[in-house]
$ cat work-v4.pdb   # PDB, C-alpha atoms, pLDDT in the B column
MODEL        1
ATOM      1  CA  MET A   1       0.000   0.000   0.000  1.00 76.00           C
ATOM      2  CA  ASP A   2       1.217   3.518  -0.752  1.00 85.00           C
ATOM      3  CA  TRP A   3       0.752   4.910   2.756  1.00 87.00           C
ATOM      4  CA  GLN A   4       1.971   8.364   1.768  1.00 86.00           C
ATOM      5  CA  SER A   5      -0.940   8.909  -0.623  1.00 83.00           C
ATOM      6  CA  GLU A   6      -3.513   6.610   1.069  1.00 88.00           C
ATOM      7  CA  SER A   7      -3.070   7.995   4.571  1.00 91.00           C
ATOM      8  CA  PRO A   8      -1.204  11.329   4.354  1.00 92.00           C
ATOM      9  CA  GLU A   9      -2.088  12.383   7.914  1.00 94.00           C
ATOM     10  CA  LEU A  10      -0.608   9.161   9.326  1.00 94.00           C
ATOM     11  CA  TRP A  11       2.479   9.487   7.109  1.00 94.00           C
ATOM     12  CA  ALA A  12       3.020  13.125   8.160  1.00 94.00           C
ATOM     13  CA  PHE A  13       2.675  12.183  11.847  1.00 96.00           C
ATOM     14  CA  LEU A  14       5.221   9.366  11.562  1.00 95.00           C
ATOM     15  CA  GLU A  15       7.660  11.568   9.637  1.00 95.00           C
ATOM     16  CA  SER A  16       7.440  14.197  12.391  1.00 96.00           C
ATOM     17  CA  LEU A  17       8.795  11.780  15.018  1.00 96.00           C
ATOM     18  CA  ASN A  18      12.452  11.745  16.038  1.00 96.00           C
ATOM     19  CA  GLY A  19      14.483   8.943  17.552  1.00 95.00           C
ATOM     20  CA  GLY A  20      14.347   9.222  21.324  1.00 96.00           C
ATOM     21  CA  ASP A  21      10.902  10.889  21.430  1.00 97.00           C
ATOM     22  CA  ILE A  22       8.786   9.576  24.315  1.00 97.00           C
ATOM     23  CA  LEU A  23       5.313   8.496  23.191  1.00 97.00           C
ATOM     24  CA  SER A  24       2.429   7.415  25.414  1.00 97.00           C
ATOM     25  CA  GLY A  25      -0.555   5.278  24.629  1.00 97.00           C
ATOM     26  CA  THR A  26      -2.622   2.235  25.486  1.00 97.00           C
ATOM     27  CA  VAL A  27      -1.808  -1.383  24.669  1.00 98.00           C
ATOM     28  CA  ALA A  28      -4.378  -2.168  21.961  1.00 97.00           C
ATOM     29  CA  ALA A  29      -3.494  -5.753  21.017  1.00 97.00           C
ATOM     30  CA  ILE A  30      -0.970  -8.426  21.948  1.00 97.00           C
ATOM     31  CA  GLU A  31       0.173 -10.856  19.267  1.00 95.00           C
ATOM     32  CA  ARG A  32       2.787 -13.623  19.317  1.00 91.00           C
ATOM     33  CA  PHE A  33       5.140 -11.358  17.315  1.00 93.00           C
ATOM     34  CA  GLY A  34       4.676  -8.137  19.283  1.00 95.00           C
ATOM     35  CA  VAL A  35       2.415  -5.545  20.846  1.00 97.00           C
ATOM     36  CA  PHE A  36       0.323  -2.818  19.172  1.00 97.00           C
ATOM     37  CA  VAL A  37      -0.035   0.498  20.986  1.00 97.00           C
ATOM     38  CA  ALA A  38      -2.778   3.054  20.268  1.00 96.00           C
ATOM     39  CA  LEU A  39      -0.846   6.302  20.655  1.00 97.00           C
ATOM     40  CA  ASP A  40      -2.345   9.295  22.450  1.00 96.00           C
ATOM     41  CA  ASP A  41      -1.093  11.720  19.800  1.00 92.00           C
ATOM     42  CA  GLY A  42      -1.515  11.404  16.060  1.00 87.00           C
ATOM     43  CA  PRO A  43      -4.102   9.597  13.965  1.00 93.00           C
ATOM     44  CA  GLY A  44      -5.270   6.037  14.296  1.00 92.00           C
ATOM     45  CA  HIS A  45      -4.015   3.366  11.922  1.00 94.00           C
ATOM     46  CA  PRO A  46      -6.435   2.404   9.118  1.00 92.00           C
ATOM     47  CA  THR A  47      -5.671  -1.335   9.245  1.00 93.00           C
ATOM     48  CA  LEU A  48      -3.733  -2.113  12.465  1.00 93.00           C
ATOM     49  CA  PRO A  49      -4.901  -1.977  16.101  1.00 93.00           C
ATOM     50  CA  GLY A  50      -2.442   0.854  16.801  1.00 93.00           C
ATOM     51  CA  VAL A  51       0.127   3.107  15.152  1.00 95.00           C
ATOM     52  CA  GLY A  52       2.770   2.120  17.712  1.00 96.00           C
ATOM     53  CA  PHE A  53       4.431  -1.291  17.649  1.00 97.00           C
ATOM     54  CA  LEU A  54       6.651  -2.980  20.245  1.00 97.00           C
ATOM     55  CA  GLY A  55       8.657  -5.904  18.864  1.00 96.00           C
ATOM     56  CA  MET A  56       9.327  -8.703  21.335  1.00 96.00           C
ATOM     57  CA  PRO A  57      12.982  -7.723  22.013  1.00 94.00           C
ATOM     58  CA  GLU A  58      11.887  -4.175  22.899  1.00 97.00           C
ATOM     59  CA  LEU A  59       9.428  -5.181  25.624  1.00 97.00           C
ATOM     60  CA  SER A  60      11.877  -5.870  28.445  1.00 94.00           C
ATOM     61  CA  TRP A  61      15.516  -6.400  29.368  1.00 91.00           C
ATOM     62  CA  ARG A  62      14.402  -9.445  31.350  1.00 87.00           C
ATOM     63  CA  ARG A  63      13.546 -12.821  29.893  1.00 85.00           C
ATOM     64  CA  PHE A  64       9.845 -13.588  29.533  1.00 89.00           C
ATOM     65  CA  ASP A  65       7.795 -16.419  28.093  1.00 88.00           C
ATOM     66  CA  ASP A  66       4.826 -14.431  26.834  1.00 94.00           C
ATOM     67  CA  PRO A  67       4.295 -10.710  26.138  1.00 95.00           C
ATOM     68  CA  THR A  68       1.451 -10.794  28.701  1.00 95.00           C
ATOM     69  CA  ASP A  69       4.184 -11.321  31.322  1.00 94.00           C
ATOM     70  CA  VAL A  70       5.192  -7.701  30.562  1.00 96.00           C
ATOM     71  CA  VAL A  71       2.051  -5.827  29.407  1.00 97.00           C
ATOM     72  CA  GLN A  72      -1.725  -6.281  29.293  1.00 97.00           C
ATOM     73  CA  VAL A  73      -4.345  -5.038  26.813  1.00 97.00           C
ATOM     74  CA  GLY A  74      -5.649  -1.714  28.089  1.00 97.00           C
ATOM     75  CA  GLN A  75      -2.469  -0.900  30.018  1.00 98.00           C
ATOM     76  CA  ARG A  76      -1.063   2.620  29.709  1.00 98.00           C
ATOM     77  CA  VAL A  77       2.565   2.702  28.531  1.00 98.00           C
ATOM     78  CA  SER A  78       5.250   5.249  27.742  1.00 97.00           C
ATOM     79  CA  CYS A  79       7.811   4.164  25.168  1.00 97.00           C
ATOM     80  CA  GLU A  80      10.779   5.539  23.285  1.00 98.00           C
ATOM     81  CA  PHE A  81      10.388   6.012  19.519  1.00 98.00           C
ATOM     82  CA  ILE A  82      13.156   4.057  17.772  1.00 97.00           C
ATOM     83  CA  GLY A  83      12.107   4.180  14.125  1.00 96.00           C
ATOM     84  CA  PHE A  84       9.520   4.640  11.392  1.00 95.00           C
ATOM     85  CA  ASP A  85       8.471   1.411   9.679  1.00 94.00           C
ATOM     86  CA  THR A  86       7.555   2.743   6.229  1.00 92.00           C
ATOM     87  CA  HIS A  87       6.281  -0.652   5.008  1.00 93.00           C
ATOM     88  CA  ASN A  88       3.595  -0.965   7.712  1.00 93.00           C
ATOM     89  CA  ALA A  89       3.305   2.773   8.487  1.00 94.00           C
ATOM     90  CA  GLU A  90       3.884   2.299  12.183  1.00 95.00           C
ATOM     91  CA  ALA A  91       6.053   3.792  14.892  1.00 96.00           C
ATOM     92  CA  ARG A  92       8.551   1.236  16.190  1.00 98.00           C
ATOM     93  CA  LEU A  93       8.769   1.638  19.949  1.00 98.00           C
ATOM     94  CA  SER A  94      10.864   0.425  22.867  1.00 98.00           C
ATOM     95  CA  LEU A  95       9.532  -0.076  26.365  1.00 97.00           C
ATOM     96  CA  LYS A  96      12.865  -1.339  27.682  1.00 95.00           C
ATOM     97  CA  ALA A  97      14.737   1.782  26.519  1.00 95.00           C
ATOM     98  CA  LEU A  98      13.112   3.659  29.406  1.00 96.00           C
ATOM     99  CA  GLU A  99      14.247   1.089  31.986  1.00 93.00           C
ATOM    100  CA  PRO A 100      17.739   0.667  33.442  1.00 92.00           C
ATOM    101  CA  ASP A 101      19.786  -2.062  31.762  1.00 92.00           C
ATOM    102  CA  PRO A 102      20.377  -4.811  34.369  1.00 93.00           C
ATOM    103  CA  LEU A 103      23.515  -5.982  32.541  1.00 94.00           C
ATOM    104  CA  GLN A 104      25.059  -2.512  32.817  1.00 94.00           C
ATOM    105  CA  ALA A 105      24.210  -2.422  36.536  1.00 93.00           C
ATOM    106  CA  PHE A 106      25.776  -5.898  36.943  1.00 95.00           C
ATOM    107  CA  ALA A 107      28.932  -4.782  35.107  1.00 95.00           C
ATOM    108  CA  ASP A 108      29.165  -1.644  37.250  1.00 95.00           C
ATOM    109  CA  ARG A 109      29.178  -3.639  40.494  1.00 95.00           C
ATOM    110  CA  THR A 110      31.137  -6.707  39.356  1.00 95.00           C
ATOM    111  CA  VAL A 111      34.816  -7.329  38.663  1.00 94.00           C
ATOM    112  CA  VAL A 112      36.505 -10.137  36.755  1.00 93.00           C
ATOM    113  CA  GLY A 113      37.345 -12.878  39.228  1.00 93.00           C
ATOM    114  CA  GLN A 114      34.342 -12.209  41.446  1.00 94.00           C
ATOM    115  CA  GLU A 115      32.623 -15.366  42.649  1.00 95.00           C
ATOM    116  CA  PHE A 116      28.844 -15.898  42.614  1.00 94.00           C
ATOM    117  CA  ARG A 117      26.383 -18.651  43.388  1.00 94.00           C
ATOM    118  CA  GLY A 118      24.019 -19.277  40.514  1.00 94.00           C
ATOM    119  CA  THR A 119      21.443 -21.765  39.319  1.00 95.00           C
ATOM    120  CA  VAL A 120      21.967 -23.923  36.248  1.00 93.00           C
ATOM    121  CA  GLU A 121      19.249 -22.734  33.869  1.00 92.00           C
ATOM    122  CA  GLN A 122      20.091 -25.026  30.979  1.00 90.00           C
ATOM    123  CA  VAL A 123      22.795 -27.402  29.800  1.00 88.00           C
ATOM    124  CA  LEU A 124      23.545 -26.522  26.175  1.00 86.00           C
ATOM    125  CA  PRO A 125      25.882 -28.191  23.636  1.00 83.00           C
ATOM    126  CA  ILE A 126      28.353 -25.287  24.064  1.00 84.00           C
ATOM    127  CA  GLY A 127      28.209 -24.943  27.840  1.00 86.00           C
ATOM    128  CA  VAL A 128      26.115 -24.317  30.920  1.00 88.00           C
ATOM    129  CA  LEU A 129      23.770 -21.327  31.089  1.00 92.00           C
ATOM    130  CA  VAL A 130      23.761 -20.048  34.674  1.00 94.00           C
ATOM    131  CA  ASP A 131      21.145 -17.727  36.196  1.00 93.00           C
ATOM    132  CA  LEU A 132      22.943 -15.233  38.434  1.00 94.00           C
ATOM    133  CA  GLY A 133      19.726 -13.476  39.476  1.00 90.00           C
ATOM    134  CA  ASP A 134      18.268 -10.087  38.542  1.00 87.00           C
ATOM    135  CA  GLY A 135      17.837 -11.217  34.926  1.00 85.00           C
ATOM    136  CA  ILE A 136      21.574 -11.877  34.423  1.00 93.00           C
ATOM    137  CA  PHE A 137      22.668 -15.110  32.756  1.00 93.00           C
ATOM    138  CA  GLY A 138      26.214 -16.245  32.065  1.00 93.00           C
ATOM    139  CA  LEU A 139      27.796 -19.078  30.116  1.00 92.00           C
ATOM    140  CA  VAL A 140      30.332 -21.545  31.467  1.00 89.00           C
ATOM    141  CA  PRO A 141      31.743 -22.941  28.184  1.00 86.00           C
ATOM    142  CA  PHE A 142      32.512 -26.673  27.832  1.00 79.00           C
ATOM    143  CA  ARG A 143      35.521 -25.970  25.646  1.00 67.00           C
ATOM    144  CA  GLU A 144      37.926 -23.091  25.544  1.00 55.00           C
ATOM    145  CA  ILE A 145      36.484 -20.178  23.548  1.00 49.00           C
ATOM    146  CA  ASP A 146      38.853 -17.358  22.635  1.00 51.00           C
ATOM    147  CA  GLY A 147      41.144 -18.202  25.545  1.00 52.00           C
ATOM    148  CA  ARG A 148      38.354 -18.585  28.110  1.00 49.00           C
ATOM    149  CA  PRO A 149      38.702 -21.607  30.407  1.00 50.00           C
ATOM    150  CA  ALA A 150      36.579 -24.690  29.789  1.00 54.00           C
ATOM    151  CA  ALA A 151      34.133 -26.201  32.282  1.00 55.00           C
ATOM    152  CA  SER A 152      33.619 -29.764  33.400  1.00 56.00           C
ATOM    153  CA  PRO A 153      31.806 -32.146  31.046  1.00 57.00           C
ATOM    154  CA  ALA A 154      28.077 -31.611  30.481  1.00 55.00           C
ATOM    155  CA  GLU A 155      27.132 -34.631  32.604  1.00 63.00           C
ATOM    156  CA  ASP A 156      28.546 -32.830  35.671  1.00 72.00           C
ATOM    157  CA  PHE A 157      25.639 -30.335  35.571  1.00 81.00           C
ATOM    158  CA  GLU A 158      21.890 -30.571  36.046  1.00 85.00           C
ATOM    159  CA  ALA A 159      19.197 -27.916  35.467  1.00 88.00           C
ATOM    160  CA  GLY A 160      18.105 -26.381  38.780  1.00 92.00           C
ATOM    161  CA  GLU A 161      21.385 -27.184  40.522  1.00 91.00           C
ATOM    162  CA  GLU A 162      23.069 -24.355  42.452  1.00 93.00           C
ATOM    163  CA  ILE A 163      26.747 -23.941  41.583  1.00 91.00           C
ATOM    164  CA  ALA A 164      29.646 -21.592  42.321  1.00 91.00           C
ATOM    165  CA  VAL A 165      30.971 -19.633  39.349  1.00 92.00           C
ATOM    166  CA  VAL A 166      33.559 -16.938  38.740  1.00 93.00           C
ATOM    167  CA  VAL A 167      33.088 -14.022  36.330  1.00 94.00           C
ATOM    168  CA  ALA A 168      35.665 -14.460  33.548  1.00 91.00           C
ATOM    169  CA  GLU A 169      34.488 -11.656  31.234  1.00 92.00           C
ATOM    170  CA  ILE A 170      31.598  -9.242  30.669  1.00 94.00           C
ATOM    171  CA  GLU A 171      31.038  -8.131  27.063  1.00 94.00           C
ATOM    172  CA  LEU A 172      28.533  -5.278  27.229  1.00 92.00           C
ATOM    173  CA  SER A 173      28.592  -4.634  23.473  1.00 92.00           C
ATOM    174  CA  ARG A 174      27.578  -8.243  22.728  1.00 92.00           C
ATOM    175  CA  ARG A 175      25.523  -8.604  25.923  1.00 91.00           C
ATOM    176  CA  ARG A 176      27.413 -11.675  27.112  1.00 92.00           C
ATOM    177  CA  VAL A 177      28.792 -12.838  30.438  1.00 94.00           C
ATOM    178  CA  PHE A 178      31.387 -15.595  30.436  1.00 92.00           C
ATOM    179  CA  LEU A 179      31.902 -17.601  33.600  1.00 91.00           C
ATOM    180  CA  SER A 180      34.318 -20.233  34.825  1.00 86.00           C
ATOM    181  CA  ARG A 181      34.313 -22.638  37.737  1.00 83.00           C
ATOM    182  CA  PRO A 182      36.262 -21.578  40.864  1.00 83.00           C
ATOM    183  CA  GLU A 183      38.226 -24.828  40.820  1.00 69.00           C
ATOM    184  CA  SER A 184      39.674 -23.962  37.398  1.00 53.00           C
ATOM    185  CA  GLY A 185      42.385 -22.109  39.331  1.00 48.00           C
ATOM    186  CA  GLN A 186      42.477 -19.105  37.038  1.00 49.00           C
ATOM    187  CA  TYR A 187      41.106 -16.842  39.788  1.00 43.00           C
ATOM    188  CA  ALA A 188      42.141 -18.829  42.855  1.00 41.00           C
ATOM    189  CA  GLY A 189      43.047 -16.665  45.815  1.00 38.00           C
ATOM    190  CA  VAL A 190      41.414 -13.500  44.462  1.00 38.00           C
ATOM    191  CA  GLY A 191      39.616 -11.932  47.415  1.00 35.00           C
ATOM    192  CA  LEU A 192      36.693  -9.912  46.129  1.00 33.00           C
ATOM    193  CA  PRO A 193      33.385  -8.734  47.571  1.00 35.00           C
ATOM    194  CA  THR A 194      30.240 -10.695  46.692  1.00 35.00           C
TER     195      THR A 194
ENDMDL
END
$ encode --input "work-v4.pdb" --output "structure tokens"
Amino acid sequence: MDWQSESPELWAFLESLNGGDILSGTVAAIERFGVFVALDDGPGHPTLPGVGFLGMPELSWRRFDDPTDVVQVGQRVSCEFIGFDTHNAEARLSLKALEPDPLQAFADRTVVGQEFRGTVEQVLPIGVLVDLGDGIFGLVPFREIDGRPAASPAEDFEAGEEIAVVVAEIELSRRRVFLSRPESGQYAGVGLPT
């Protein structure tokens, strides 16, 4: 559809938005692929439940199973405008952009070598995914990756088990936390706060 000629008021509204603008509205519909938001300002959308759209990754920094774990139909939300989807004539929004990033907070209070207790979330072919709490997950690799120490074999771990781990590296740009086991010796004797 040629939105510019079919719905010039909608097109003009979307073109007037700038990245970082804060938009408010009401959750109009929740789908498996994202959330539609009926914005307070601007026109309605001729074919969609709302002009605003929250893709799944933009709902929350935390893991969730279903978008209804984060928002409900009829809920009022404020979101950051992140882009104009010209194909669907909708404002792409981010709810999480207005919330503090838990990984940044973790990195600010954590140093390499610091020991934590965590819960094995999942045993994967590449390593053990460990829940450190507050929405932070780290990987204890089974084989050395880029010089990072390897963990014990997969059969040494079970989902739900609490284990001790040591922070080996935090990659904020790639949103990854690499962990090792304290017995690996790489950080033995490092006295750090927990």
$ closest_residue --input "work-v4.pdb" --among "A:Glu171, A:Val120, A:Val73, A:Leu54" --to "Phe106 in chain A" --atoms "only C-alpha atoms"
A:Glu171
$ closest_residue --input "work-v4.pdb" --among "A:His87, A:Lys96, A:Arg76, A:Arg175" --to "Trp11 in chain A" --atoms "all atoms listed in the file"
A:His87
$ resolve_selection --input "work-v4.pdb" --expression "the PyMOL selection byres ((chain A and resi 88) around 10)" --output "short mmCIF file (atom, residue, chain, number, x, y, z; two decimals) with C-alpha atoms, in the frame of the given file"
data_model
loop_
_atom_site.label_atom_id
_atom_site.label_comp_id
_atom_site.auth_asym_id
_atom_site.auth_seq_id
_atom_site.Cartn_x
_atom_site.Cartn_y
_atom_site.Cartn_z
CA MET A 1 0.00 0.00 0.00
CA ASP A 2 1.22 3.52 -0.75
CA TRP A 3 0.75 4.91 2.76
CA HIS A 45 -4.01 3.37 11.92
CA THR A 47 -5.67 -1.34 9.24
CA LEU A 48 -3.73 -2.11 12.46
CA VAL A 51 0.13 3.11 15.15
CA PHE A 53 4.43 -1.29 17.65
CA PHE A 84 9.52 4.64 11.39
CA ASP A 85 8.47 1.41 9.68
CA THR A 86 7.56 2.74 6.23
CA HIS A 87 6.28 -0.65 5.01
CA ALA A 89 3.30 2.77 8.49
CA GLU A 90 3.88 2.30 12.18
CA ALA A 91 6.05 3.79 14.89
#
$ resolve_selection --input "work-v4.pdb" --expression "the PyMOL selection byres ((chain A and resi 138) around 6)" --output "PDB file with C-alpha atoms, in the frame of the given file"
ATOM      1  CA  LEU A 129      23.770 -21.327  31.089  1.00 92.00           C
ATOM      2  CA  VAL A 130      23.761 -20.048  34.674  1.00 94.00           C
ATOM      3  CA  PHE A 137      22.668 -15.110  32.756  1.00 93.00           C
ATOM      4  CA  LEU A 139      27.796 -19.078  30.116  1.00 92.00           C
ATOM      5  CA  VAL A 177      28.792 -12.838  30.438  1.00 94.00           C
ATOM      6  CA  PHE A 178      31.387 -15.595  30.436  1.00 92.00           C
TER       7      PHE A 178
END
$ residues_around --input "work-v4.pdb" --residues "Leu179 in chain A" --least-positions-apart "5" --cutoff "10 Å" --atoms "all atoms listed in the file" --output "list in words"
Val112, Gly113, Gln114, Glu115, Phe116, Val128, Leu129, Val130, Phe137, Gly138, Leu139, Val140, Pro141, Arg148, Pro149, Ala150, Ala151, Ala164, Val165, Val166, Val167, Ala168, Glu169 and Ile170 of chain A
$ atom_distance --input "work-v4.pdb" --atom1 "CA of Asn18 in chain A" --atom2 "CA of Glu80 in chain A"
9.7 Å
$ residues_around --input "work-v4.pdb" --residues "Leu17 in chain A" --least-positions-apart "5" --cutoff "10 Å" --atoms "only C-alpha atoms" --output "list of chain:residue names"
A:Ala12, A:Ile22, A:Leu23, A:Phe81, A:Ile82, A:Gly83, A:Phe84, A:Ala91
$ atom_distance --input "work-v4.pdb" --atom1 "CA of Asp131 in chain A" --atom2 "CA of Phe64 in chain A"
13.8 Å
$ resolve_selection --input "work-v4.pdb" --expression "the PyMOL selection byres ((chain A and resi 57) around 10)" --output "MDAnalysis selection string"
chainID A and resid 33:34 54:56 58:63 94:96
$ atom_distance --input "work-v4.pdb" --atom1 "CA of Cys79 in chain A" --atom2 "CA of Ser24 in chain A"
6.3 Å
$ closest_residue --input "work-v4.pdb" --among "A:Asp69, A:Val111, A:Ser173, A:Pro8" --to "Gly44 in chain A" --atoms "only C-alpha atoms"
A:Pro8
$ closest_residue --input "work-v4.pdb" --among "A:Leu93, A:Ile136, A:Ala38, A:Leu172" --to "Gly118 in chain A" --atoms "all atoms listed in the file"
A:Ile136
$ closest_residue --input "work-v4.pdb" --among "A:Ala29, A:Thr110, A:Gly52, A:Phe142" --to "Pro125 in chain A" --atoms "all atoms listed in the file"
A:Phe142
